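I have placed the structure first, in the form of structure tokens, so that the comments after it can refer back to it.
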Amino acid sequence: DIVRVDLSERSYDIVIGPGAIKQAGARIAPLIGRRPVIIVTDDTVAPLHLPSLEAALESAGVRRNGPAIILPAGEKTKSFAHLEALLDEMLGRGIERSTVLIALGGGVVGDLVGFAAAISLRGLDFIQIPTTLLAQVDSSVGGKTGINTRQGKNLVGSFHQPRLVLADTSALATLPRRHVLAGYAEVVKYGLIDDLDFFEWLEQHGTAVCAGDTEALVRAVTVSCAAKAAIVGQDERESGRRALLNFGHTFGHALEAAVGYDNRLLHGEAVALGMGMAFDLSARLGLCTGQEAIRVRRHFEAIGLPTKLGQVEGVEWDTVELLGHMAKDKKVQDGKITFVLARGIGRAFTARDIDSAEVAAVLDAAV
Ligand code: NAD
Ligand code: ZN
């Protein structure tokens, strides 16, 4: 399947399906011709998927500038230190404006390589080959790139759209189940935002998606990418509608910050918990019924995602601390937090001026 991201001269295709890496040469060669590429990946993905990408590029006659650059796997790689090392390596190879970077990996590699492409020689073309479900349905699409700093996540970065995204659903076969489920939370997000039919389809087929059933997985990734592409096409720089994509994220980011961004709580797990809380808040405010919050949680439970903070092991939760993290969120404007609320499943909207006592009550009930 192909989803087009429509951004006038910055438009690009997302190619979705099993075997997309094996066919990468046939997609990439016509796009870039004789321009040299540098592949960047991480040391978990490299042994699993780099050989087939290299073989595909080789057989299509794509020119390479040096061997793949292999970074350590993990969130810590999205740092100034690793960005600098990557830029040094690229510049040391004598890159030119025509050089094309290829990011092969999850959201960490995609965000870092996208940012390196954005700032090297004032902008290189880059191609995303996402290998996690989260990266295929979310981070590889839309052009947000960046790194973390001591002060917080994703605080330094830029908008830089890829020239092509290749989402190879068969590459997810090697992804640990916990990461599959975490990425699945973002799939559900698209249903909850504005597509009740998709949510109902997921209630029927979510288990098959997470088990790696090809047809179900391709459909889930395609619908998700189409949803994100539509929103990004309307609002590339998040002045309006794109904020809906933060559904569950105001709560979720606070949970991640409280844990300290380690393995106890993956981003998608935090988002699943946060989407449950966003429905709780919506129900408290009389926007939707408590039944809908229950229905959302029931689906996460059926899939195996956490629905209660108590399921996160080794963390003491504190309402005041969580409220403090929410107040520091990147999306705060004039001291006010923007919440994404819902009038029901598939009917999300953004709201400000939410009574913090109501937010505190939702957190109290969850802690
Ligand atoms: P990740 O890149 O760390 O990948 C998770 C783990 O899976 C890593 O250890 C990785 O090496 C491994 N892995 C990747 N593909 C694999 C495969 N096919 N088989 C086996 N192992 C594999 O994390 P992620 O969850 O993909 O992405 C999280 C990052 O994405 C965060 O930094 C987040 O801020 C960012 N993000 C960005 C956007 C955006 O719009 N740019 C959106 C959402 C999230
Ligand atoms: Zn997210």
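Following the order of the structure tokens, chains are lettered A, B, ..., residues in each are numbered from 1, and ligands are numbered from 1.
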
inquiry  = With only C-alpha atoms as the counted atoms, please give the residues lying no more than 10 Å from A:Ile70, apart from itself and same-chain residues fewer than 2 positions off, as a PyMOL selection string.
reply    = chain A and resi 39-46+50+67-68+72-73+86+104+109

Same residues, N, CA and C atoms, output as an mmCIF file, in the first residue's frame:
```cif
data_model
loop_
_atom_site.group_PDB
_atom_site.id
_atom_site.type_symbol
_atom_site.label_atom_id
_atom_site.label_comp_id
_atom_site.auth_asym_id
_atom_site.auth_seq_id
_atom_site.Cartn_x
_atom_site.Cartn_y
_atom_site.Cartn_z
ATOM 1 N N ILE A 39 23.856 4.947 5.223
ATOM 2 C CA ILE A 39 22.852 4.309 6.085
ATOM 3 C C ILE A 39 23.276 4.505 7.537
ATOM 4 N N VAL A 40 22.318 4.891 8.367
ATOM 5 C CA VAL A 40 22.568 4.956 9.809
ATOM 6 C C VAL A 40 21.554 4.053 10.498
ATOM 7 N N THR A 41 22.036 3.226 11.431
ATOM 8 C CA THR A 41 21.145 2.308 12.142
ATOM 9 C C THR A 41 21.644 2.129 13.563
ATOM 10 N N ASP A 42 21.040 1.212 14.328
ATOM 11 C CA ASP A 42 21.563 0.951 15.674
ATOM 12 C C ASP A 42 22.043 -0.499 15.777
ATOM 13 N N ASP A 43 22.732 -0.800 16.884
ATOM 14 C CA ASP A 43 23.417 -2.099 16.962
ATOM 15 C C ASP A 43 22.481 -3.268 17.261
ATOM 16 N N THR A 44 21.195 -2.987 17.543
ATOM 17 C CA THR A 44 20.218 -4.081 17.631
ATOM 18 C C THR A 44 19.638 -4.384 16.254
ATOM 19 N N VAL A 45 19.340 -3.332 15.508
ATOM 20 C CA VAL A 45 18.708 -3.496 14.197
ATOM 21 C C VAL A 45 19.726 -3.973 13.156
ATOM 22 N N ALA A 46 20.977 -3.531 13.294
ATOM 23 C CA ALA A 46 21.986 -3.844 12.263
ATOM 24 C C ALA A 46 22.081 -5.336 11.936
ATOM 25 N N LEU A 50 20.024 -4.908 8.474
ATOM 26 C CA LEU A 50 20.946 -4.179 7.607
ATOM 27 C C LEU A 50 21.399 -4.995 6.394
ATOM 28 N N PRO A 67 30.640 2.491 4.777
ATOM 29 C CA PRO A 67 29.782 1.491 5.417
ATOM 30 C C PRO A 67 28.711 2.164 6.270
ATOM 31 N N ALA A 68 27.719 1.378 6.682
ATOM 32 C CA ALA A 68 26.665 1.902 7.552
ATOM 33 C C ALA A 68 27.277 2.403 8.862
ATOM 34 N N PRO A 72 24.705 3.023 19.191
ATOM 35 C CA PRO A 72 24.154 2.171 20.244
ATOM 36 C C PRO A 72 22.631 2.273 20.296
ATOM 37 N N ALA A 73 21.930 1.152 20.486
ATOM 38 C CA ALA A 73 20.472 1.183 20.583
ATOM 39 C C ALA A 73 20.052 1.850 21.888
ATOM 40 N N LEU A 86 27.974 11.685 15.140
ATOM 41 C CA LEU A 86 27.425 11.323 13.823
ATOM 42 C C LEU A 86 27.811 12.374 12.771
ATOM 43 N N LEU A 104 17.628 3.653 9.324
ATOM 44 C CA LEU A 104 17.076 2.299 9.455
ATOM 45 C C LEU A 104 16.964 1.968 10.933
ATOM 46 N N VAL A 109 16.563 6.291 16.107
ATOM 47 C CA VAL A 109 17.417 6.494 14.921
ATOM 48 C C VAL A 109 16.757 7.499 13.971
#
```

For A:Val165, work out the shell of residues within 9 Å, counting only C-alpha atoms and skipping chain neighbours fewer than 3 positions away, then give it as a PDB file with N, CA, C and O atoms, in the first residue's frame.
```pdb
ATOM      1  N   TYR A  12       5.662  13.369  -0.148  1.00  0.00           N
ATOM      2  CA  TYR A  12       6.395  12.101  -0.269  1.00  0.00           C
ATOM      3  C   TYR A  12       5.469  10.920  -0.047  1.00  0.00           C
ATOM      4  O   TYR A  12       4.353  11.069   0.439  1.00  0.00           O
ATOM      5  N   ASP A  13       5.963   9.732  -0.433  1.00  0.00           N
ATOM      6  CA  ASP A  13       5.199   8.500  -0.291  1.00  0.00           C
ATOM      7  C   ASP A  13       5.639   7.713   0.939  1.00  0.00           C
ATOM      8  O   ASP A  13       6.827   7.696   1.282  1.00  0.00           O
ATOM      9  N   ILE A  14       4.666   7.048   1.546  1.00  0.00           N
ATOM     10  CA  ILE A  14       4.939   6.037   2.560  1.00  0.00           C
ATOM     11  C   ILE A  14       4.570   4.705   1.913  1.00  0.00           C
ATOM     12  O   ILE A  14       3.408   4.491   1.552  1.00  0.00           O
ATOM     13  N   VAL A  15       5.566   3.849   1.725  1.00  0.00           N
ATOM     14  CA  VAL A  15       5.310   2.545   1.110  1.00  0.00           C
ATOM     15  C   VAL A  15       5.205   1.516   2.228  1.00  0.00           C
ATOM     16  O   VAL A  15       6.133   1.372   3.030  1.00  0.00           O
ATOM     17  N   ILE A  16       4.067   0.832   2.301  1.00  0.00           N
ATOM     18  CA  ILE A  16       3.785  -0.055   3.429  1.00  0.00           C
ATOM     19  C   ILE A  16       3.564  -1.477   2.931  1.00  0.00           C
ATOM     20  O   ILE A  16       2.771  -1.704   2.010  1.00  0.00           O
ATOM     21  N   ILE A 127      15.812   9.476   4.055  1.00  0.00           N
ATOM     22  CA  ILE A 127      14.790   8.454   3.843  1.00  0.00           C
ATOM     23  C   ILE A 127      14.606   7.705   5.154  1.00  0.00           C
ATOM     24  O   ILE A 127      15.585   7.370   5.824  1.00  0.00           O
ATOM     25  N   GLN A 128      13.344   7.484   5.519  1.00  0.00           N
ATOM     26  CA  GLN A 128      13.045   6.750   6.748  1.00  0.00           C
ATOM     27  C   GLN A 128      12.716   5.298   6.411  1.00  0.00           C
ATOM     28  O   GLN A 128      11.838   5.039   5.577  1.00  0.00           O
ATOM     29  N   ILE A 129      13.413   4.366   7.081  1.00  0.00           N
ATOM     30  CA  ILE A 129      13.027   2.958   7.001  1.00  0.00           C
ATOM     31  C   ILE A 129      12.750   2.491   8.429  1.00  0.00           C
ATOM     32  O   ILE A 129      13.617   1.939   9.110  1.00  0.00           O
ATOM     33  N   PRO A 130      11.527   2.764   8.916  1.00  0.00           N
ATOM     34  CA  PRO A 130      11.189   2.484  10.316  1.00  0.00           C
ATOM     35  C   PRO A 130      11.040   0.990  10.571  1.00  0.00           C
ATOM     36  O   PRO A 130      10.409   0.286   9.787  1.00  0.00           O
ATOM     37  N   GLN A 136       6.735   3.115  12.511  1.00  0.00           N
ATOM     38  CA  GLN A 136       5.992   2.967  11.249  1.00  0.00           C
ATOM     39  C   GLN A 136       4.688   3.744  11.254  1.00  0.00           C
ATOM     40  O   GLN A 136       4.261   4.266  10.233  1.00  0.00           O
ATOM     41  N   SER A 140       8.058   8.151  12.013  1.00  0.00           N
ATOM     42  CA  SER A 140       8.739   8.312  10.715  1.00  0.00           C
ATOM     43  C   SER A 140       7.962   9.234   9.775  1.00  0.00           C
ATOM     44  O   SER A 140       8.480   9.663   8.751  1.00  0.00           O
ATOM     45  N   VAL A 141       6.717   9.539  10.140  1.00  0.00           N
ATOM     46  CA  VAL A 141       5.843  10.336   9.283  1.00  0.00           C
ATOM     47  C   VAL A 141       5.620  11.706   9.906  1.00  0.00           C
ATOM     48  O   VAL A 141       5.331  11.798  11.103  1.00  0.00           O
ATOM     49  N   PRO A 162      11.018  13.694   5.457  1.00  0.00           N
ATOM     50  CA  PRO A 162      11.782  12.724   4.654  1.00  0.00           C
ATOM     51  C   PRO A 162      11.352  12.795   3.188  1.00  0.00           C
ATOM     52  O   PRO A 162      10.315  13.377   2.869  1.00  0.00           O
TER      53      PRO A 162
END
```

- Task: Using backbone DSSP assignments, extract all helix (DSSP H, G or I) residues from stretch 189-352 of chain A; output them as a PyMOL selection string.
- Result: chain A and resi 189-194+196-210+214-234+241-246+249-259+267-284+290-303+309-311+319-327

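Across A:Leu255, A:Ile38, A:Leu196, A:Ala272, the tightest approach to ligand 2 is made by A:Ala272 when counting only C-alpha atoms and all ligand atoms.
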
Could you build a table of the residues in chain A lying no more than 6 Å from ligand 1, giving for each the nearest pair of atoms and their separation in Å rounded to one decimal place, using only C-alpha atoms and all ligand atoms, ordered by chain and ascending residue number, as CSV?
```
residue,atom,partner,partner_atom_place_in_ligand_line,distance
A:Asp42,CA,ligand 1,11 (O),5.8
A:Thr44,CA,ligand 1,11 (O),4.5
A:Val45,CA,ligand 1,16 (C),5.3
A:Ala73,CA,ligand 1,11 (O),4.5
A:Gly74,CA,ligand 1,3 (O),4.5
A:Glu75,CA,ligand 1,3 (O),5.3
A:Gly105,CA,ligand 1,14 (C),5.1
A:Gly106,CA,ligand 1,2 (O),3.2
A:Gly107,CA,ligand 1,27 (O),3.3
A:Val108,CA,ligand 1,2 (O),3.8
A:Val109,CA,ligand 1,2 (O),5.7
A:Asp111,CA,ligand 1,41 (N),5.4
A:Thr131,CA,ligand 1,15 (N),4.2
A:Thr132,CA,ligand 1,15 (N),4.5
A:Leu134,CA,ligand 1,26 (O),5.2
A:Ala135,CA,ligand 1,26 (O),4.9
A:Asp138,CA,ligand 1,42 (C),5.2
A:Ser139,CA,ligand 1,38 (C),3.5
A:Lys144,CA,ligand 1,41 (N),4.2
A:Thr145,CA,ligand 1,41 (N),5.1
A:Ala171,CA,ligand 1,18 (N),4.8
A:Leu172,CA,ligand 1,18 (N),4.7
A:Thr174,CA,ligand 1,19 (N),4.0
A:Leu175,CA,ligand 1,19 (N),3.6
```

Next item on the list: Give the strand (DSSP E or B) residues of stretch 164-345 of chain A, as assigned by DSSP on the backbone, as a ChimeraX atom specification.
Entry: /A:164-168,333,336,339-342
